Amino acid sequence: MRTQVAIIGAGPAGLVLGQLLTNAGIESVIVELRSRDYVEARLRAGVLEQGTVELLRDNGIGRRLDQEGLRHDGIYLQWPGTREHLDFRDLCGRSVWIYGQTEVVKDLVAARLGTGQPLYFEVSDTAVHDIETDRPAVTFLDADGHAQRIECDLIAGCDGFHGVSRPAIPQASSRTAQRDYPYGWLGILAQAPPSTDELIYAWHPNGFAMHSMRSPSISRLYLQVGVEERLQDWDDDRIWTELSTRLGHAGWELATGPILDKGITPMRSFVSEPMRYGKLFLAGDAAHIVPPTGAKGLNLAVADAKLLADAIIASRAKRARTPIRTAGSVRAEPATLAGRGQNLLDSYAETALRRVWRCTHFSWWMTSMLHIEGSDPFARELQLAQLRYLSSSRAAAQSLAENYTGLPYGW
Ligand SMILES: Cc1cc2nc3c(=O)[nH]c(=O)nc-3n(C[C@H](O)[C@H](O)[C@H](O)COP(=O)(O)OP(=O)(O)OC[C@H]3O[C@@H](n4cnc5c(N)ncnc54)[C@H](O)[C@@H]3O)c2cc1C
């Protein structure tokens, strides 16, 4: 088959890219390794930056988000004896929304299927070909085992950390930077009403803890655990006891309930460059991973998709020879867009990486400030000094707020 953009992966990056392209009249084919049920149930992120919410709304995917998403105007930072509120609206005039990645993916899949543009689930043996030529292609076996080939103008590798796109870039042309943290997060989903109106990030000598939520009746909570910890050593009582200790605060009580899901996620920072090689463009976790403390993974994937969509849309205008709508719905003359479009495609990797590295720093900084590593009293006092500074300096709090709620896409 022939299309304009072949997209590998139906996670947030691939689905958002497909939606933005469709809305601008550009054809794409999405191929996804897993089943629809699997991708829609994969429990992951839950905090949406304001820019992510606006992008979803502007592209017709905001209806359920507006009904069910919870707008949060701040977070709590906590350490023993203190719980401080940071008011994002006061600090930077922006908010975040609590709306699970499962729901974002469900909305995006429904929107994609509604457009009639192809989305193949349960593919196997995906491979990219001829990415250094003007006739790149993707091959795969469809769910019935039939061999398929997509000829296209360019390939978007949105297939996450374990996908096939990034390894297709020759090693001699790529460079990776990585940090593995000596701890992970034990996360639970609990049938318990949230005991807080906004997220609590808690520093505690036993290790970091976090209270998040998914809805008025479902809580999501996390505990820092060592990388060697095994899930079977954490029964429900032990988890609730440790959460109550680390999140404990005078006059406050943690509501408990049946645990619906639990898992341990290792934490890593990882950036692979370049994000473009020939006609292959990487977006989202295919190119970078952040630890979840800054709530950036899903939002970064959406930001990459937006930058890439804008570049593709602008470059297509040259061939269309008619005015064309960009993802930001600005009408422009083709001559202007043609030049700008080529520039945007050429500079996609650089523009995306500048923002990726900013978010990588923020995620590392939040992680380092809140997690316990070893027993060094010097390191702990530095963490507490930083937390006290955030609660007493408007300038320091503003910096956290503007990073947490999301920097502009072209940052
Ligand atoms: C366990 C876990 C917990 C997380 N928790 C948080 C959190 O709390 N907060 C936060 O901000 N972020 C979190 N993240 C990160 C966030 O979920 C990701 O950053 C986000 O999913 C990235 O979206 P993506 O589309 O780039 O990649 P993915 O969501 O990984 O999507 C990639 C898609 O490509 C598909 N694919 C892979 N290989 C192939 C192939 N060969 N052919 C076709 N398709 C393929 C995959 O099945 C997948 O559907 C978490 C991640 C994990 C793994």
# chains A, B, ... in the order shown; residues from 1 in each chain; ligands from 1
>>> select_by_dssp(residues="range 163-361 of chain A", states="alpha helix (DSSP H)", output="number ranges by chain")
A: 236-247, 297-320, 334-361
>>> residues_near_ligand(ligand="ligand 1", cutoff="6 Å", atoms="only C-alpha atoms and all ligand atoms", output="count of residues only")
32
>>> closest_residue(among="A:Ile75, A:Ala309, A:Ala396, A:Leu20", to="His211 in chain A", atoms="only C-alpha atoms")
A:Ile75
>>> atom_distance(atom1="CA of Arg268 in chain A", atom2="CA of Asp376 in chain A")
21.9 Å
>>> select_by_dssp(residues="range 101-331 of chain A", states="strand (DSSP E or B)", output="NGL selection string")
:A and (119-120 or 124-129 or 137-141 or 147-151 or 154-157 or 175-190 or 200-202 or 209-215 or 218-226 or 259-273 or 276-277 or 280-282 or 288-289 or 324-325 or 331)
>>> closest_residue(among="A:Glu54, A:Leu280, A:Thr102, A:Ile155", to="Ile7 in chain A", atoms="only C-alpha atoms")
A:Ile155
>>> residues_around(residues="Asn299 in chain A", least_positions_apart="4", cutoff="7 Å", atoms="only C-alpha atoms", output="ChimeraX atom specification")
/A:48-49,52,303
>>> residues_around(residues="Gly51 in chain A", least_positions_apart="6", cutoff="10 Å", atoms="only C-alpha atoms", output="list of chain:residue names")
A:Arg57, A:Arg94, A:Ser95, A:Val96, A:Asn299, A:Val302, A:Ala303, A:Thr405, A:Gly406, A:Leu407, A:Pro408, A:Tyr409
>>> residues_around(residues="range 178-188 of chain A", least_positions_apart="3", cutoff="7 Å", atoms="only C-alpha atoms", output="NGL selection string")
:A and (220-227 or 259 or 261-271)
>>> write_last_selection(atoms="all heavy atoms", output="compact mmCIF listing (two decimals), in the first residue's frame")
# COMPACT_ATOMS: atom_id res chain seq x y z
N ARG A 220 -4.25 6.62 43.02
CA ARG A 220 -3.01 6.03 42.48
C ARG A 220 -1.91 6.48 43.43
O ARG A 220 -1.74 7.70 43.65
CB ARG A 220 -2.78 6.57 41.06
CG ARG A 220 -1.56 6.00 40.37
CD ARG A 220 -1.93 4.92 39.38
NE ARG A 220 -0.81 4.52 38.54
CZ ARG A 220 -0.19 3.36 38.65
NH1 ARG A 220 -0.52 2.49 39.57
NH2 ARG A 220 0.78 3.05 37.79
N LEU A 221 -1.18 5.52 43.99
CA LEU A 221 -0.16 5.87 44.98
C LEU A 221 1.15 5.17 44.65
O LEU A 221 1.15 4.08 44.06
CB LEU A 221 -0.63 5.49 46.38
CG LEU A 221 -1.91 6.19 46.84
CD1 LEU A 221 -3.02 5.19 47.07
CD2 LEU A 221 -1.67 7.02 48.09
N TYR A 222 2.23 5.81 45.03
CA TYR A 222 3.56 5.27 44.69
C TYR A 222 4.47 5.30 45.92
O TYR A 222 4.40 6.22 46.75
CB TYR A 222 4.23 6.12 43.62
CG TYR A 222 3.49 6.20 42.30
CD1 TYR A 222 2.65 7.28 42.04
CD2 TYR A 222 3.64 5.23 41.32
CE1 TYR A 222 1.97 7.38 40.83
CE2 TYR A 222 2.97 5.32 40.11
CZ TYR A 222 2.13 6.40 39.87
OH TYR A 222 1.47 6.50 38.68
N LEU A 223 5.36 4.30 45.98
CA LEU A 223 6.41 4.24 47.00
C LEU A 223 7.75 4.05 46.31
O LEU A 223 7.87 3.21 45.41
CB LEU A 223 6.20 3.01 47.89
CG LEU A 223 5.10 3.01 48.94
CD1 LEU A 223 4.96 1.59 49.50
CD2 LEU A 223 5.42 4.00 50.05
N GLN A 224 8.75 4.80 46.73
CA GLN A 224 10.11 4.50 46.27
C GLN A 224 10.54 3.17 46.86
O GLN A 224 10.39 2.94 48.06
CB GLN A 224 11.08 5.59 46.75
CG GLN A 224 12.53 5.29 46.44
CD GLN A 224 13.51 6.25 47.10
OE1 GLN A 224 13.12 7.32 47.59
NE2 GLN A 224 14.77 5.88 47.12
N VAL A 225 11.06 2.27 46.00
CA VAL A 225 11.60 0.99 46.48
C VAL A 225 12.96 0.75 45.82
O VAL A 225 13.24 1.34 44.76
CB VAL A 225 10.66 -0.21 46.17
CG1 VAL A 225 9.34 -0.09 46.93
CG2 VAL A 225 10.39 -0.33 44.67
N GLY A 226 13.77 -0.08 46.42
CA GLY A 226 15.07 -0.40 45.82
C GLY A 226 14.89 -1.18 44.53
O GLY A 226 13.88 -1.88 44.37
N VAL A 227 15.89 -1.10 43.63
CA VAL A 227 15.77 -1.81 42.36
C VAL A 227 15.68 -3.32 42.52
O VAL A 227 15.15 -4.02 41.67
CB VAL A 227 16.95 -1.49 41.39
CG1 VAL A 227 16.70 -0.24 40.62
CG2 VAL A 227 18.27 -1.47 42.11
N ILE A 259 -6.77 -3.05 46.59
CA ILE A 259 -5.77 -2.70 45.56
C ILE A 259 -6.15 -3.42 44.26
O ILE A 259 -6.25 -4.65 44.21
CB ILE A 259 -4.36 -3.07 46.05
CG1 ILE A 259 -3.99 -2.17 47.24
CG2 ILE A 259 -3.33 -2.92 44.93
CD1 ILE A 259 -2.61 -2.41 47.84
N ASP A 261 -4.52 -2.98 41.24
CA ASP A 261 -3.37 -3.26 40.37
C ASP A 261 -2.12 -2.81 41.10
O ASP A 261 -2.15 -1.80 41.81
CB ASP A 261 -3.52 -2.46 39.06
CG ASP A 261 -2.46 -2.81 38.04
OD1 ASP A 261 -1.35 -2.22 38.10
OD2 ASP A 261 -2.71 -3.67 37.19
N LYS A 262 -1.03 -3.56 40.95
CA LYS A 262 0.23 -3.07 41.51
C LYS A 262 1.39 -3.53 40.65
O LYS A 262 1.32 -4.58 39.99
CB LYS A 262 0.43 -3.48 42.97
CG LYS A 262 0.39 -4.96 43.27
CD LYS A 262 0.60 -5.18 44.79
CE LYS A 262 0.26 -6.59 45.19
NZ LYS A 262 0.39 -6.84 46.61
N GLY A 263 2.44 -2.72 40.63
CA GLY A 263 3.60 -3.08 39.81
C GLY A 263 4.80 -2.24 40.21
O GLY A 263 4.66 -1.19 40.85
N ILE A 264 6.00 -2.73 39.86
CA ILE A 264 7.23 -1.98 40.15
C ILE A 264 7.84 -1.53 38.83
O ILE A 264 7.99 -2.33 37.90
CB ILE A 264 8.23 -2.84 40.96
CG1 ILE A 264 7.67 -3.12 42.35
CG2 ILE A 264 9.59 -2.14 41.05
CD1 ILE A 264 8.58 -3.93 43.27
N THR A 265 8.13 -0.23 38.73
CA THR A 265 8.71 0.32 37.51
C THR A 265 10.12 0.85 37.82
O THR A 265 10.26 1.70 38.71
CB THR A 265 7.86 1.51 37.00
OG1 THR A 265 6.48 1.11 36.98
CG2 THR A 265 8.29 1.94 35.62
N PRO A 266 11.13 0.38 37.10
CA PRO A 266 12.46 0.96 37.30
C PRO A 266 12.51 2.39 36.78
O PRO A 266 11.64 2.79 35.99
CB PRO A 266 13.37 0.04 36.47
CG PRO A 266 12.48 -0.60 35.46
CD PRO A 266 11.09 -0.62 36.03
N MET A 267 13.47 3.17 37.21
CA MET A 267 13.53 4.56 36.78
C MET A 267 14.82 4.86 36.03
O MET A 267 15.90 4.47 36.44
CB MET A 267 13.38 5.48 37.98
CG MET A 267 11.94 5.47 38.46
SD MET A 267 11.68 6.20 40.04
CE MET A 267 11.98 7.89 39.68
N ARG A 268 14.64 5.57 34.93
CA ARG A 268 15.77 5.79 34.03
C ARG A 268 15.59 7.11 33.30
O ARG A 268 14.47 7.52 32.98
CB ARG A 268 15.76 4.63 33.03
CG ARG A 268 16.66 4.79 31.84
CD ARG A 268 16.41 3.71 30.82
NE ARG A 268 16.72 2.38 31.30
CZ ARG A 268 16.05 1.28 30.96
NH1 ARG A 268 15.02 1.35 30.16
NH2 ARG A 268 16.40 0.11 31.42
N SER A 269 16.71 7.79 33.06
CA SER A 269 16.74 8.90 32.11
C SER A 269 17.52 8.40 30.90
O SER A 269 18.59 7.78 31.06
CB SER A 269 17.46 10.12 32.68
OG SER A 269 16.79 10.64 33.80
N PHE A 270 17.02 8.69 29.70
CA PHE A 270 17.66 8.18 28.49
C PHE A 270 17.33 9.13 27.34
O PHE A 270 16.17 9.50 27.16
CB PHE A 270 17.12 6.78 28.19
CG PHE A 270 17.55 6.20 26.87
CD1 PHE A 270 18.72 5.46 26.76
CD2 PHE A 270 16.78 6.39 25.73
CE1 PHE A 270 19.11 4.93 25.54
CE2 PHE A 270 17.15 5.85 24.50
CZ PHE A 270 18.33 5.12 24.41
N VAL A 271 18.35 9.56 26.62
CA VAL A 271 18.10 10.37 25.42
C VAL A 271 18.97 9.83 24.29
O VAL A 271 20.18 9.64 24.46
CB VAL A 271 18.43 11.86 25.64
CG1 VAL A 271 18.13 12.67 24.37
CG2 VAL A 271 17.67 12.43 26.82
>>> atom_distance(atom1="CA of Leu384 in chain A", atom2="CA of Glu253 in chain A")
23.5 Å
>>> atom_distance(atom1="CA of Asp197 in chain A", atom2="CA of Ser219 in chain A")
11.2 Å
>>> residues_around(residues="Ser35 in chain A", least_positions_apart="2", cutoff="6 Å", atoms="only C-alpha atoms", output="number ranges by chain")
A: 37-38, 121-122
>>> residues_around(residues="Gly100 in chain A", least_positions_apart="5", cutoff="10 Å", atoms="only C-alpha atoms", output="list in words")
Arg42, Leu43, Arg44, Ala45, Gly46, Val47, Leu48, Leu65, Gly69, Val105, Lys106, Met213, Arg214 and Ser215 of chain A
>>> closest_residue(among="A:Leu70, A:Ile30, A:Ala317, A:Ala177", to="Tyr99 in chain A", atoms="only C-alpha atoms")
A:Leu70
>>> decode(residues="range 227-252 of chain A", atoms="N, CA, C and O atoms", output="CSV table (one decimal), in the first residue's frame")
chain,number,residue,atom,x,y,z
A,227,VAL,N,15.9,-1.1,43.6
A,227,VAL,CA,15.8,-1.8,42.4
A,227,VAL,C,15.7,-3.3,42.5
A,227,VAL,O,15.2,-4.0,41.7
A,228,GLU,N,16.2,-3.8,43.7
A,228,GLU,CA,16.2,-5.3,43.9
A,228,GLU,C,14.9,-5.8,44.5
A,228,GLU,O,14.7,-7.0,44.7
A,229,GLU,N,14.0,-4.8,44.9
A,229,GLU,CA,12.7,-5.3,45.5
A,229,GLU,C,11.9,-6.1,44.6
A,229,GLU,O,11.8,-5.9,43.4
A,230,ARG,N,11.2,-7.1,45.2
A,230,ARG,CA,10.3,-7.9,44.5
A,230,ARG,C,8.8,-7.7,44.9
A,230,ARG,O,8.6,-7.5,46.1
A,231,LEU,N,7.9,-7.7,44.0
A,231,LEU,CA,6.5,-7.4,44.3
A,231,LEU,C,5.9,-8.3,45.3
A,231,LEU,O,5.1,-7.9,46.1
A,232,GLN,N,6.3,-9.6,45.2
A,232,GLN,CA,5.7,-10.6,46.1
A,232,GLN,C,6.1,-10.3,47.6
A,232,GLN,O,5.5,-10.9,48.5
A,233,ASP,N,7.1,-9.5,47.8
A,233,ASP,CA,7.5,-9.2,49.2
A,233,ASP,C,6.6,-8.0,49.8
A,233,ASP,O,6.8,-7.6,50.9
A,234,TRP,N,5.8,-7.4,48.9
A,234,TRP,CA,5.0,-6.3,49.3
A,234,TRP,C,3.5,-6.7,49.3
A,234,TRP,O,2.8,-6.5,48.3
A,235,ASP,N,3.0,-7.3,50.5
A,235,ASP,CA,1.6,-7.5,50.5
A,235,ASP,C,0.8,-6.2,50.7
A,235,ASP,O,1.4,-5.2,51.0
A,236,ASP,N,-0.5,-6.3,50.6
A,236,ASP,CA,-1.3,-5.0,50.7
A,236,ASP,C,-1.1,-4.3,52.0
A,236,ASP,O,-1.0,-3.1,52.0
A,237,ASP,N,-1.1,-5.1,53.1
A,237,ASP,CA,-0.9,-4.4,54.4
A,237,ASP,C,0.4,-3.6,54.5
A,237,ASP,O,0.5,-2.5,55.0
A,238,ARG,N,1.5,-4.3,54.0
A,238,ARG,CA,2.8,-3.6,54.1
A,238,ARG,C,2.8,-2.3,53.2
A,238,ARG,O,3.3,-1.3,53.6
A,239,ILE,N,2.1,-2.4,52.1
A,239,ILE,CA,2.1,-1.2,51.2
A,239,ILE,C,1.3,-0.1,51.9
A,239,ILE,O,1.8,1.1,51.9
A,240,TRP,N,0.1,-0.4,52.4
A,240,TRP,CA,-0.7,0.7,53.1
A,240,TRP,C,0.0,1.3,54.3
A,240,TRP,O,0.0,2.5,54.5
A,241,THR,N,0.7,0.4,55.1
A,241,THR,CA,1.4,0.9,56.3
A,241,THR,C,2.5,1.8,55.9
A,241,THR,O,2.7,2.9,56.4
A,242,GLU,N,3.3,1.4,54.8
A,242,GLU,CA,4.4,2.3,54.4
A,242,GLU,C,3.9,3.6,53.8
A,242,GLU,O,4.5,4.7,54.0
A,243,LEU,N,2.8,3.5,53.0
A,243,LEU,CA,2.2,4.7,52.5
A,243,LEU,C,1.8,5.7,53.6
A,243,LEU,O,2.0,6.9,53.5
A,244,SER,N,1.1,5.1,54.6
A,244,SER,CA,0.6,5.9,55.7
A,244,SER,C,1.8,6.6,56.4
A,244,SER,O,1.7,7.7,56.9
A,245,THR,N,2.9,5.9,56.6
A,245,THR,CA,4.0,6.4,57.3
A,245,THR,C,4.6,7.6,56.5
A,245,THR,O,4.9,8.7,57.0
A,246,ARG,N,4.9,7.3,55.2
A,246,ARG,CA,5.6,8.3,54.4
A,246,ARG,C,4.8,9.5,54.1
A,246,ARG,O,5.3,10.6,53.9
A,247,LEU,N,3.5,9.3,53.9
A,247,LEU,CA,2.6,10.4,53.5
A,247,LEU,C,2.0,11.0,54.8
A,247,LEU,O,1.3,12.1,54.7
A,248,GLY,N,2.3,10.5,56.0
A,248,GLY,CA,1.7,10.9,57.2
A,248,GLY,C,1.9,12.4,57.5
A,248,GLY,O,2.9,13.0,57.2
A,249,HIS,N,0.8,13.0,58.0
A,249,HIS,CA,0.8,14.5,58.3
A,249,HIS,C,-0.2,14.7,59.4
A,249,HIS,O,-1.3,14.1,59.4
A,250,ALA,N,0.1,15.6,60.4
A,250,ALA,CA,-0.7,15.8,61.5
A,250,ALA,C,-2.2,16.2,61.1
A,250,ALA,O,-2.3,17.1,60.2
A,251,GLY,N,-3.2,15.5,61.7
A,251,GLY,CA,-4.5,15.8,61.4
A,251,GLY,C,-5.0,15.3,60.0
A,251,GLY,O,-6.2,15.7,59.6
A,252,TRP,N,-4.2,14.5,59.4
A,252,TRP,CA,-4.6,14.0,58.0
A,252,TRP,C,-4.6,12.5,58.0
A,252,TRP,O,-3.8,11.8,58.7
